[in-house]
Amino acid sequence: MLELATFSIAARCARTGMLGAAVSTAVPGVGALCPFVGAGAGAVCTQSWVNPYLGIDGVRLMGEGKTAQQALDQLIAADPGREVRQLGLVDRNGGSAAWTGKDCTQWFGHITGRDFAVQGNMLVGEPTVRAMADAFVAGAALDLPERLIAVLEAGQAAGGDNRGRQSAALYVVDREEYPSVDLRVDEHPYPVAELRRIFDLAKVQLFPFTWGLPSRSNPLGSVSEETIQMLLTPPPQRPGGGGSAPD
């Protein structure tokens, strides 16, 4: 088993119905193992001695109509490793639930509220999850992707993982089966800060493209000519810069 000493948030935007998760830890590649989100279903963060099937099955159960609490109860009842697991779930209606097993590594804990669940283990202390919860509540005017970045920043500023920093991820869905936002920092000395840098670049270079991609209702999509022309230029010449020009 892999222990993910992690701080994370599963969340829903009450204004738009978007669902998402964000996470950071001192292990590489956390985005592949912790956040699971399904459009019209819910969001799950699975961590500590991580079992990815808790995320996969949690999204499926909420997609079948179970509340976050009902899905959590079913997952935990069926898991013989429940005492070393940590989970946070939010369903499509904004209900939330969380579980922290008694044998997770200190410091561990979680906070839930309408539209969010924040949780962490092997943390510097309780202020990390408290700061994350406060940041989510205070960020109601933000779109969900930026709101989740702000939550990670608050958690990192309050201490974060007691071993240090290594990776971070942001995953958000809207109405389509593919993600609206899927950004990862798989290995970096300051992963949350690097995730913010990539996110700010993606806002001007990537999101105008991905948010106009084909959908179930509009198979042609609606990418603007301005965005197309921007993406035809070398990355350093685009708004925000980044990347490199041809060799």
# chains A, B, ... in the order shown; residues from 1 in each chain; ligands from 1

$ closest_atom_pairs --of "region 91-134 of chain A" --to "region 146-161 of chain A" --cutoff "6 Å" --atoms "only C-alpha atoms" --output "CSV"
residue,atom,partner,partner_atom,distance
A:Leu123,CA,A:Asp161,CA,4.4
A:Val124,CA,A:Gly159,CA,5.4
A:Pro127,CA,A:Ala158,CA,6.0
A:Thr128,CA,A:Gly155,CA,4.7
A:Ala131,CA,A:Ala154,CA,5.7
A:Met132,CA,A:Val151,CA,4.9

$ select_by_dssp --residues "region 166-239 of chain A" --states "helix (DSSP H, G or I)" --output "ChimeraX atom specification"
/A:191-205,207-210,225-231,235-237

$ residues_around --residues "Met230 (chain A)" --least-positions-apart "4" --cutoff "10 Å" --atoms "only C-alpha atoms" --output "list in words"
Val204, Gln205, Phe209, Ser224, Glu225, Glu226, Pro234, Pro235, Gln237, Arg238 and Pro239 of chain A

$ write_last_selection --atoms "N, CA and C atoms" --output "mmCIF file, in the first residue's frame"
data_model
loop_
_atom_site.group_PDB
_atom_site.id
_atom_site.type_symbol
_atom_site.label_atom_id
_atom_site.label_comp_id
_atom_site.auth_asym_id
_atom_site.auth_seq_id
_atom_site.Cartn_x
_atom_site.Cartn_y
_atom_site.Cartn_z
ATOM 1 N N VAL A 204 -5.386 31.724 -19.879
ATOM 2 C CA VAL A 204 -5.336 32.530 -21.097
ATOM 3 C C VAL A 204 -4.946 31.721 -22.333
ATOM 4 N N GLN A 205 -4.300 30.560 -22.148
ATOM 5 C CA GLN A 205 -3.853 29.789 -23.303
ATOM 6 C C GLN A 205 -4.639 28.502 -23.536
ATOM 7 N N PHE A 209 -9.645 27.310 -25.254
ATOM 8 C CA PHE A 209 -9.735 26.204 -26.221
ATOM 9 C C PHE A 209 -10.575 25.057 -25.673
ATOM 10 N N SER A 224 -13.207 29.929 -30.650
ATOM 11 C CA SER A 224 -13.204 31.180 -31.407
ATOM 12 C C SER A 224 -12.010 31.253 -32.341
ATOM 13 N N GLU A 225 -12.156 32.068 -33.382
ATOM 14 C CA GLU A 225 -11.052 32.280 -34.325
ATOM 15 C C GLU A 225 -9.877 32.934 -33.617
ATOM 16 N N GLU A 226 -10.154 33.820 -32.679
ATOM 17 C CA GLU A 226 -9.082 34.457 -31.913
ATOM 18 C C GLU A 226 -8.256 33.428 -31.149
ATOM 19 N N PRO A 234 3.924 30.527 -31.546
ATOM 20 C CA PRO A 234 4.791 29.860 -30.576
ATOM 21 C C PRO A 234 4.425 30.263 -29.149
ATOM 22 N N PRO A 235 4.535 29.360 -28.190
ATOM 23 C CA PRO A 235 4.133 29.657 -26.812
ATOM 24 C C PRO A 235 4.683 30.958 -26.238
ATOM 25 N N GLN A 237 5.101 33.711 -27.526
ATOM 26 C CA GLN A 237 4.437 34.876 -28.107
ATOM 27 C C GLN A 237 2.959 34.983 -27.705
ATOM 28 N N ARG A 238 2.466 34.012 -26.969
ATOM 29 C CA ARG A 238 1.072 34.022 -26.529
ATOM 30 C C ARG A 238 0.921 34.824 -25.255
ATOM 31 N N PRO A 239 -0.304 35.214 -24.906
ATOM 32 C CA PRO A 239 -0.508 35.879 -23.614
ATOM 33 C C PRO A 239 0.002 35.009 -22.458
#

$ select_by_dssp --residues "region 7-220 of chain A" --states "strand (DSSP E or B)" --output "ChimeraX atom specification"
/A:7-12,19-25,35-38,42-49,85-91,96-100,109-113,116-120,123,161,167-173,181-185

$ write_last_selection --atoms "C-alpha atoms" --output "PDB file, in the first residue's frame"
ATOM      1  CA  PHE A   7      -4.248  17.651   2.205  1.00  0.00           C
ATOM      2  CA  SER A   8      -7.152  17.811  -0.198  1.00  0.00           C
ATOM      3  CA  ILE A   9     -10.611  19.146  -0.959  1.00  0.00           C
ATOM      4  CA  ALA A  10     -13.594  17.656  -2.759  1.00  0.00           C
ATOM      5  CA  ALA A  11     -16.120  20.330  -3.676  1.00  0.00           C
ATOM      6  CA  ARG A  12     -19.116  21.578  -5.641  1.00  0.00           C
ATOM      7  CA  LEU A  19     -17.620  19.456  -9.241  1.00  0.00           C
ATOM      8  CA  GLY A  20     -13.927  19.203  -8.478  1.00  0.00           C
ATOM      9  CA  ALA A  21     -11.065  18.134  -6.297  1.00  0.00           C
ATOM     10  CA  ALA A  22      -7.637  19.521  -5.485  1.00  0.00           C
ATOM     11  CA  VAL A  23      -4.797  17.920  -3.593  1.00  0.00           C
ATOM     12  CA  SER A  24      -1.153  18.243  -2.602  1.00  0.00           C
ATOM     13  CA  THR A  25       1.266  15.819  -0.967  1.00  0.00           C
ATOM     14  CA  PRO A  35      -8.911  12.924  -6.944  1.00  0.00           C
ATOM     15  CA  PHE A  36     -11.878  11.231  -8.642  1.00  0.00           C
ATOM     16  CA  VAL A  37     -14.706  13.328 -10.095  1.00  0.00           C
ATOM     17  CA  GLY A  38     -17.688  12.518 -12.290  1.00  0.00           C
ATOM     18  CA  GLY A  42     -19.808  13.778  -7.316  1.00  0.00           C
ATOM     19  CA  ALA A  43     -16.207  14.247  -6.228  1.00  0.00           C
ATOM     20  CA  VAL A  44     -14.030  12.033  -4.034  1.00  0.00           C
ATOM     21  CA  CYS A  45     -10.569  12.378  -2.528  1.00  0.00           C
ATOM     22  CA  THR A  46      -9.078   9.073  -1.350  1.00  0.00           C
ATOM     23  CA  GLN A  47      -5.834   9.180   0.635  1.00  0.00           C
ATOM     24  CA  SER A  48      -3.724   8.007   3.598  1.00  0.00           C
ATOM     25  CA  TRP A  49      -3.036   4.304   2.839  1.00  0.00           C
ATOM     26  CA  ARG A  85      -8.140   5.212   4.990  1.00  0.00           C
ATOM     27  CA  GLN A  86      -9.125   8.837   4.648  1.00  0.00           C
ATOM     28  CA  LEU A  87     -11.929   9.945   2.333  1.00  0.00           C
ATOM     29  CA  GLY A  88     -13.818  13.107   1.477  1.00  0.00           C
ATOM     30  CA  LEU A  89     -16.909  13.086  -0.734  1.00  0.00           C
ATOM     31  CA  VAL A  90     -19.294  15.696  -2.170  1.00  0.00           C
ATOM     32  CA  ASP A  91     -22.370  14.730  -4.159  1.00  0.00           C
ATOM     33  CA  SER A  96     -20.692  16.171   1.932  1.00  0.00           C
ATOM     34  CA  ALA A  97     -19.196  13.404   4.051  1.00  0.00           C
ATOM     35  CA  ALA A  98     -15.742  12.393   5.255  1.00  0.00           C
ATOM     36  CA  TRP A  99     -13.990   9.546   7.019  1.00  0.00           C
ATOM     37  CA  THR A 100     -10.651   9.425   8.807  1.00  0.00           C
ATOM     38  CA  GLY A 109      -8.577  15.113  10.554  1.00  0.00           C
ATOM     39  CA  HIS A 110     -11.302  16.508   8.324  1.00  0.00           C
ATOM     40  CA  ILE A 111     -13.929  19.247   8.116  1.00  0.00           C
ATOM     41  CA  THR A 112     -17.127  19.062   6.075  1.00  0.00           C
ATOM     42  CA  GLY A 113     -19.712  21.655   5.149  1.00  0.00           C
ATOM     43  CA  PHE A 116     -17.119  20.751   0.496  1.00  0.00           C
ATOM     44  CA  ALA A 117     -15.043  18.220   2.372  1.00  0.00           C
ATOM     45  CA  VAL A 118     -11.454  19.015   3.360  1.00  0.00           C
ATOM     46  CA  GLN A 119      -9.170  16.405   4.875  1.00  0.00           C
ATOM     47  CA  GLY A 120      -5.540  15.777   5.670  1.00  0.00           C
ATOM     48  CA  LEU A 123       0.028  17.227   8.547  1.00  0.00           C
ATOM     49  CA  ASP A 161       2.339  18.022   4.831  1.00  0.00           C
ATOM     50  CA  SER A 167       3.161  17.155  -6.084  1.00  0.00           C
ATOM     51  CA  ALA A 168      -0.254  18.775  -6.533  1.00  0.00           C
ATOM     52  CA  ALA A 169      -3.282  18.397  -8.790  1.00  0.00           C
ATOM     53  CA  LEU A 170      -6.534  20.080  -9.772  1.00  0.00           C
ATOM     54  CA  TYR A 171      -9.426  18.247 -11.457  1.00  0.00           C
ATOM     55  CA  VAL A 172     -12.771  19.885 -12.262  1.00  0.00           C
ATOM     56  CA  VAL A 173     -15.736  18.742 -14.351  1.00  0.00           C
ATOM     57  CA  VAL A 181      -9.662  21.441 -15.894  1.00  0.00           C
ATOM     58  CA  ASP A 182      -7.078  18.705 -15.344  1.00  0.00           C
ATOM     59  CA  LEU A 183      -3.747  20.158 -14.238  1.00  0.00           C
ATOM     60  CA  ARG A 184      -0.950  18.336 -12.424  1.00  0.00           C
ATOM     61  CA  VAL A 185       2.437  19.127 -10.967  1.00  0.00           C
TER      62      VAL A 185
END

$ closest_residue --among "A:Phe207, A:Asn93, A:Ala138, A:Val192" --to "Gln69 (chain A)" --atoms "only C-alpha atoms"
A:Asn93

$ closest_residue --among "A:Leu144, A:Leu201, A:Val223, A:Cys34" --to "Pro236 (chain A)" --atoms "only C-alpha atoms"
A:Leu201

$ atom_distance --atom1 "CA of Pro189 (chain A)" --atom2 "CA of Val30 (chain A)"
14.1 Å

$ atom_distance --atom1 "CA of Arg175 (chain A)" --atom2 "CA of Arg216 (chain A)"
9.3 Å

$ closest_residue --among "A:Ala14, A:Ala26, A:Val50, A:Leu61" --to "Gln166 (chain A)" --atoms "only C-alpha atoms"
A:Ala26

$ decode --residues "region 106-153 of chain A" --atoms "N, CA and C atoms" --output "PDB file, in the first residue's frame"
ATOM      1  N   GLN A 106      -0.681  10.674  12.346  1.00  0.00           N
ATOM      2  CA  GLN A 106      -0.873  12.022  12.892  1.00  0.00           C
ATOM      3  C   GLN A 106      -0.039  13.062  12.127  1.00  0.00           C
ATOM      4  N   TRP A 107      -0.515  14.337  12.122  1.00  0.00           N
ATOM      5  CA  TRP A 107      -1.832  14.762  12.522  1.00  0.00           C
ATOM      6  C   TRP A 107      -2.833  14.440  11.423  1.00  0.00           C
ATOM      7  N   PHE A 108      -4.052  14.004  11.809  1.00  0.00           N
ATOM      8  CA  PHE A 108      -5.058  13.741  10.799  1.00  0.00           C
ATOM      9  C   PHE A 108      -6.403  14.289  11.245  1.00  0.00           C
ATOM     10  N   GLY A 109      -7.243  14.614  10.249  1.00  0.00           N
ATOM     11  CA  GLY A 109      -8.577  15.113  10.554  1.00  0.00           C
ATOM     12  C   GLY A 109      -9.266  15.623   9.311  1.00  0.00           C
ATOM     13  N   HIS A 110     -10.529  16.009   9.456  1.00  0.00           N
ATOM     14  CA  HIS A 110     -11.302  16.508   8.324  1.00  0.00           C
ATOM     15  C   HIS A 110     -12.346  17.497   8.806  1.00  0.00           C
ATOM     16  N   ILE A 111     -12.837  18.303   7.874  1.00  0.00           N
ATOM     17  CA  ILE A 111     -13.929  19.247   8.116  1.00  0.00           C
ATOM     18  C   ILE A 111     -14.856  19.166   6.913  1.00  0.00           C
ATOM     19  N   THR A 112     -16.156  19.066   7.163  1.00  0.00           N
ATOM     20  CA  THR A 112     -17.127  19.062   6.075  1.00  0.00           C
ATOM     21  C   THR A 112     -18.110  20.212   6.246  1.00  0.00           C
ATOM     22  N   GLY A 113     -18.693  20.615   5.146  1.00  0.00           N
ATOM     23  CA  GLY A 113     -19.712  21.655   5.149  1.00  0.00           C
ATOM     24  C   GLY A 113     -20.501  21.564   3.859  1.00  0.00           C
ATOM     25  N   ARG A 114     -21.454  22.448   3.693  1.00  0.00           N
ATOM     26  CA  ARG A 114     -22.221  22.454   2.458  1.00  0.00           C
ATOM     27  C   ARG A 114     -21.294  22.649   1.271  1.00  0.00           C
ATOM     28  N   ASP A 115     -21.287  21.716   0.342  1.00  0.00           N
ATOM     29  CA  ASP A 115     -20.524  21.776  -0.911  1.00  0.00           C
ATOM     30  C   ASP A 115     -19.047  21.448  -0.758  1.00  0.00           C
ATOM     31  N   PHE A 116     -18.557  21.054   0.417  1.00  0.00           N
ATOM     32  CA  PHE A 116     -17.119  20.751   0.496  1.00  0.00           C
ATOM     33  C   PHE A 116     -16.797  19.735   1.580  1.00  0.00           C
ATOM     34  N   ALA A 117     -15.684  19.042   1.348  1.00  0.00           N
ATOM     35  CA  ALA A 117     -15.043  18.220   2.372  1.00  0.00           C
ATOM     36  C   ALA A 117     -13.545  18.448   2.252  1.00  0.00           C
ATOM     37  N   VAL A 118     -12.911  18.870   3.344  1.00  0.00           N
ATOM     38  CA  VAL A 118     -11.454  19.015   3.360  1.00  0.00           C
ATOM     39  C   VAL A 118     -10.905  18.017   4.361  1.00  0.00           C
ATOM     40  N   GLN A 119      -9.737  17.452   4.039  1.00  0.00           N
ATOM     41  CA  GLN A 119      -9.170  16.405   4.875  1.00  0.00           C
ATOM     42  C   GLN A 119      -7.659  16.384   4.713  1.00  0.00           C
ATOM     43  N   GLY A 120      -6.987  15.880   5.743  1.00  0.00           N
ATOM     44  CA  GLY A 120      -5.540  15.777   5.670  1.00  0.00           C
ATOM     45  C   GLY A 120      -5.018  14.793   6.700  1.00  0.00           C
ATOM     46  N   ASN A 121      -3.860  14.239   6.394  1.00  0.00           N
ATOM     47  CA  ASN A 121      -3.181  13.342   7.321  1.00  0.00           C
ATOM     48  C   ASN A 121      -1.673  13.544   7.205  1.00  0.00           C
ATOM     49  N   MET A 122      -0.958  13.194   8.246  1.00  0.00           N
ATOM     50  CA  MET A 122       0.472  13.464   8.371  1.00  0.00           C
ATOM     51  C   MET A 122       0.756  14.952   8.133  1.00  0.00           C
ATOM     52  N   LEU A 123      -0.090  15.792   8.715  1.00  0.00           N
ATOM     53  CA  LEU A 123       0.028  17.227   8.547  1.00  0.00           C
ATOM     54  C   LEU A 123       0.789  17.864   9.703  1.00  0.00           C
ATOM     55  N   VAL A 124       1.207  19.104   9.492  1.00  0.00           N
ATOM     56  CA  VAL A 124       1.815  19.887  10.563  1.00  0.00           C
ATOM     57  C   VAL A 124       0.828  20.032  11.719  1.00  0.00           C
ATOM     58  N   GLY A 125      -0.481  20.200  11.395  1.00  0.00           N
ATOM     59  CA  GLY A 125      -1.474  20.311  12.450  1.00  0.00           C
ATOM     60  C   GLY A 125      -2.842  20.669  11.916  1.00  0.00           C
ATOM     61  N   GLU A 126      -3.795  20.794  12.830  1.00  0.00           N
ATOM     62  CA  GLU A 126      -5.178  21.111  12.504  1.00  0.00           C
ATOM     63  C   GLU A 126      -5.366  22.421  11.749  1.00  0.00           C
ATOM     64  N   PRO A 127      -4.512  23.437  11.957  1.00  0.00           N
ATOM     65  CA  PRO A 127      -4.709  24.687  11.209  1.00  0.00           C
ATOM     66  C   PRO A 127      -4.724  24.525   9.695  1.00  0.00           C
ATOM     67  N   THR A 128      -4.098  23.478   9.165  1.00  0.00           N
ATOM     68  CA  THR A 128      -4.097  23.282   7.715  1.00  0.00           C
ATOM     69  C   THR A 128      -5.505  23.066   7.198  1.00  0.00           C
ATOM     70  N   VAL A 129      -6.248  22.122   7.781  1.00  0.00           N
ATOM     71  CA  VAL A 129      -7.604  21.869   7.278  1.00  0.00           C
ATOM     72  C   VAL A 129      -8.556  23.007   7.643  1.00  0.00           C
ATOM     73  N   ARG A 130      -8.345  23.655   8.771  1.00  0.00           N
ATOM     74  CA  ARG A 130      -9.177  24.789   9.138  1.00  0.00           C
ATOM     75  C   ARG A 130      -8.996  25.933   8.142  1.00  0.00           C
ATOM     76  N   ALA A 131      -7.764  26.224   7.767  1.00  0.00           N
ATOM     77  CA  ALA A 131      -7.503  27.286   6.794  1.00  0.00           C
ATOM     78  C   ALA A 131      -8.112  26.950   5.438  1.00  0.00           C
ATOM     79  N   MET A 132      -8.084  25.682   5.063  1.00  0.00           N
ATOM     80  CA  MET A 132      -8.670  25.267   3.790  1.00  0.00           C
ATOM     81  C   MET A 132     -10.182  25.465   3.795  1.00  0.00           C
ATOM     82  N   ALA A 133     -10.833  25.043   4.878  1.00  0.00           N
ATOM     83  CA  ALA A 133     -12.283  25.217   4.978  1.00  0.00           C
ATOM     84  C   ALA A 133     -12.659  26.696   4.931  1.00  0.00           C
ATOM     85  N   ASP A 134     -11.920  27.508   5.662  1.00  0.00           N
ATOM     86  CA  ASP A 134     -12.199  28.947   5.673  1.00  0.00           C
ATOM     87  C   ASP A 134     -12.014  29.557   4.287  1.00  0.00           C
ATOM     88  N   ALA A 135     -10.967  29.120   3.574  1.00  0.00           N
ATOM     89  CA  ALA A 135     -10.707  29.654   2.237  1.00  0.00           C
ATOM     90  C   ALA A 135     -11.809  29.259   1.263  1.00  0.00           C
ATOM     91  N   PHE A 136     -12.325  28.043   1.391  1.00  0.00           N
ATOM     92  CA  PHE A 136     -13.421  27.644   0.499  1.00  0.00           C
ATOM     93  C   PHE A 136     -14.651  28.498   0.742  1.00  0.00           C
ATOM     94  N   VAL A 137     -15.014  28.681   1.980  1.00  0.00           N
ATOM     95  CA  VAL A 137     -16.198  29.483   2.309  1.00  0.00           C
ATOM     96  C   VAL A 137     -16.016  30.928   1.843  1.00  0.00           C
ATOM     97  N   ALA A 138     -14.826  31.477   2.052  1.00  0.00           N
ATOM     98  CA  ALA A 138     -14.569  32.872   1.686  1.00  0.00           C
ATOM     99  C   ALA A 138     -14.503  33.078   0.174  1.00  0.00           C
ATOM    100  N   GLY A 139     -14.275  32.002  -0.581  1.00  0.00           N
ATOM    101  CA  GLY A 139     -14.076  32.139  -2.028  1.00  0.00           C
ATOM    102  C   GLY A 139     -15.306  31.896  -2.862  1.00  0.00           C
ATOM    103  N   ALA A 140     -16.485  32.077  -2.297  1.00  0.00           N
ATOM    104  CA  ALA A 140     -17.725  31.742  -3.008  1.00  0.00           C
ATOM    105  C   ALA A 140     -17.890  32.506  -4.314  1.00  0.00           C
ATOM    106  N   ALA A 141     -17.311  33.681  -4.441  1.00  0.00           N
ATOM    107  CA  ALA A 141     -17.464  34.476  -5.663  1.00  0.00           C
ATOM    108  C   ALA A 141     -16.561  33.981  -6.790  1.00  0.00           C
ATOM    109  N   LEU A 142     -15.598  33.137  -6.487  1.00  0.00           N
ATOM    110  CA  LEU A 142     -14.667  32.634  -7.493  1.00  0.00           C
ATOM    111  C   LEU A 142     -15.280  31.462  -8.252  1.00  0.00           C
ATOM    112  N   ASP A 143     -14.849  31.282  -9.501  1.00  0.00           N
ATOM    113  CA  ASP A 143     -15.181  30.057 -10.211  1.00  0.00           C
ATOM    114  C   ASP A 143     -14.495  28.891  -9.502  1.00  0.00           C
ATOM    115  N   LEU A 144     -15.094  27.704  -9.604  1.00  0.00           N
ATOM    116  CA  LEU A 144     -14.608  26.577  -8.801  1.00  0.00           C
ATOM    117  C   LEU A 144     -13.134  26.256  -9.013  1.00  0.00           C
ATOM    118  N   PRO A 145     -12.600  26.232 -10.229  1.00  0.00           N
ATOM    119  CA  PRO A 145     -11.174  25.890 -10.365  1.00  0.00           C
ATOM    120  C   PRO A 145     -10.265  26.834  -9.572  1.00  0.00           C
ATOM    121  N   GLU A 146     -10.501  28.140  -9.702  1.00  0.00           N
ATOM    122  CA  GLU A 146      -9.660  29.099  -8.970  1.00  0.00           C
ATOM    123  C   GLU A 146      -9.909  29.007  -7.469  1.00  0.00           C
ATOM    124  N   ARG A 147     -11.130  28.740  -7.082  1.00  0.00           N
ATOM    125  CA  ARG A 147     -11.457  28.592  -5.667  1.00  0.00           C
ATOM    126  C   ARG A 147     -10.673  27.431  -5.051  1.00  0.00           C
ATOM    127  N   LEU A 148     -10.546  26.336  -5.794  1.00  0.00           N
ATOM    128  CA  LEU A 148      -9.822  25.178  -5.270  1.00  0.00           C
ATOM    129  C   LEU A 148      -8.318  25.438  -5.186  1.00  0.00           C
ATOM    130  N   ILE A 149      -7.782  26.179  -6.142  1.00  0.00           N
ATOM    131  CA  ILE A 149      -6.372  26.579  -6.051  1.00  0.00           C
ATOM    132  C   ILE A 149      -6.156  27.408  -4.789  1.00  0.00           C
ATOM    133  N   ALA A 150      -7.055  28.345  -4.518  1.00  0.00           N
ATOM    134  CA  ALA A 150      -6.930  29.181  -3.324  1.00  0.00           C
ATOM    135  C   ALA A 150      -6.993  28.341  -2.045  1.00  0.00           C
ATOM    136  N   VAL A 151      -7.792  27.291  -2.056  1.00  0.00           N
ATOM    137  CA  VAL A 151      -7.871  26.400  -0.895  1.00  0.00           C
ATOM    138  C   VAL A 151      -6.539  25.697  -0.669  1.00  0.00           C
ATOM    139  N   LEU A 152      -5.929  25.186  -1.735  1.00  0.00           N
ATOM    140  CA  LEU A 152      -4.613  24.548  -1.585  1.00  0.00           C
ATOM    141  C   LEU A 152      -3.576  25.548  -1.073  1.00  0.00           C
ATOM    142  N   GLU A 153      -3.614  26.753  -1.604  1.00  0.00           N
ATOM    143  CA  GLU A 153      -2.665  27.771  -1.156  1.00  0.00           C
ATOM    144  C   GLU A 153      -2.834  28.055   0.335  1.00  0.00           C
TER     145      GLU A 153
END
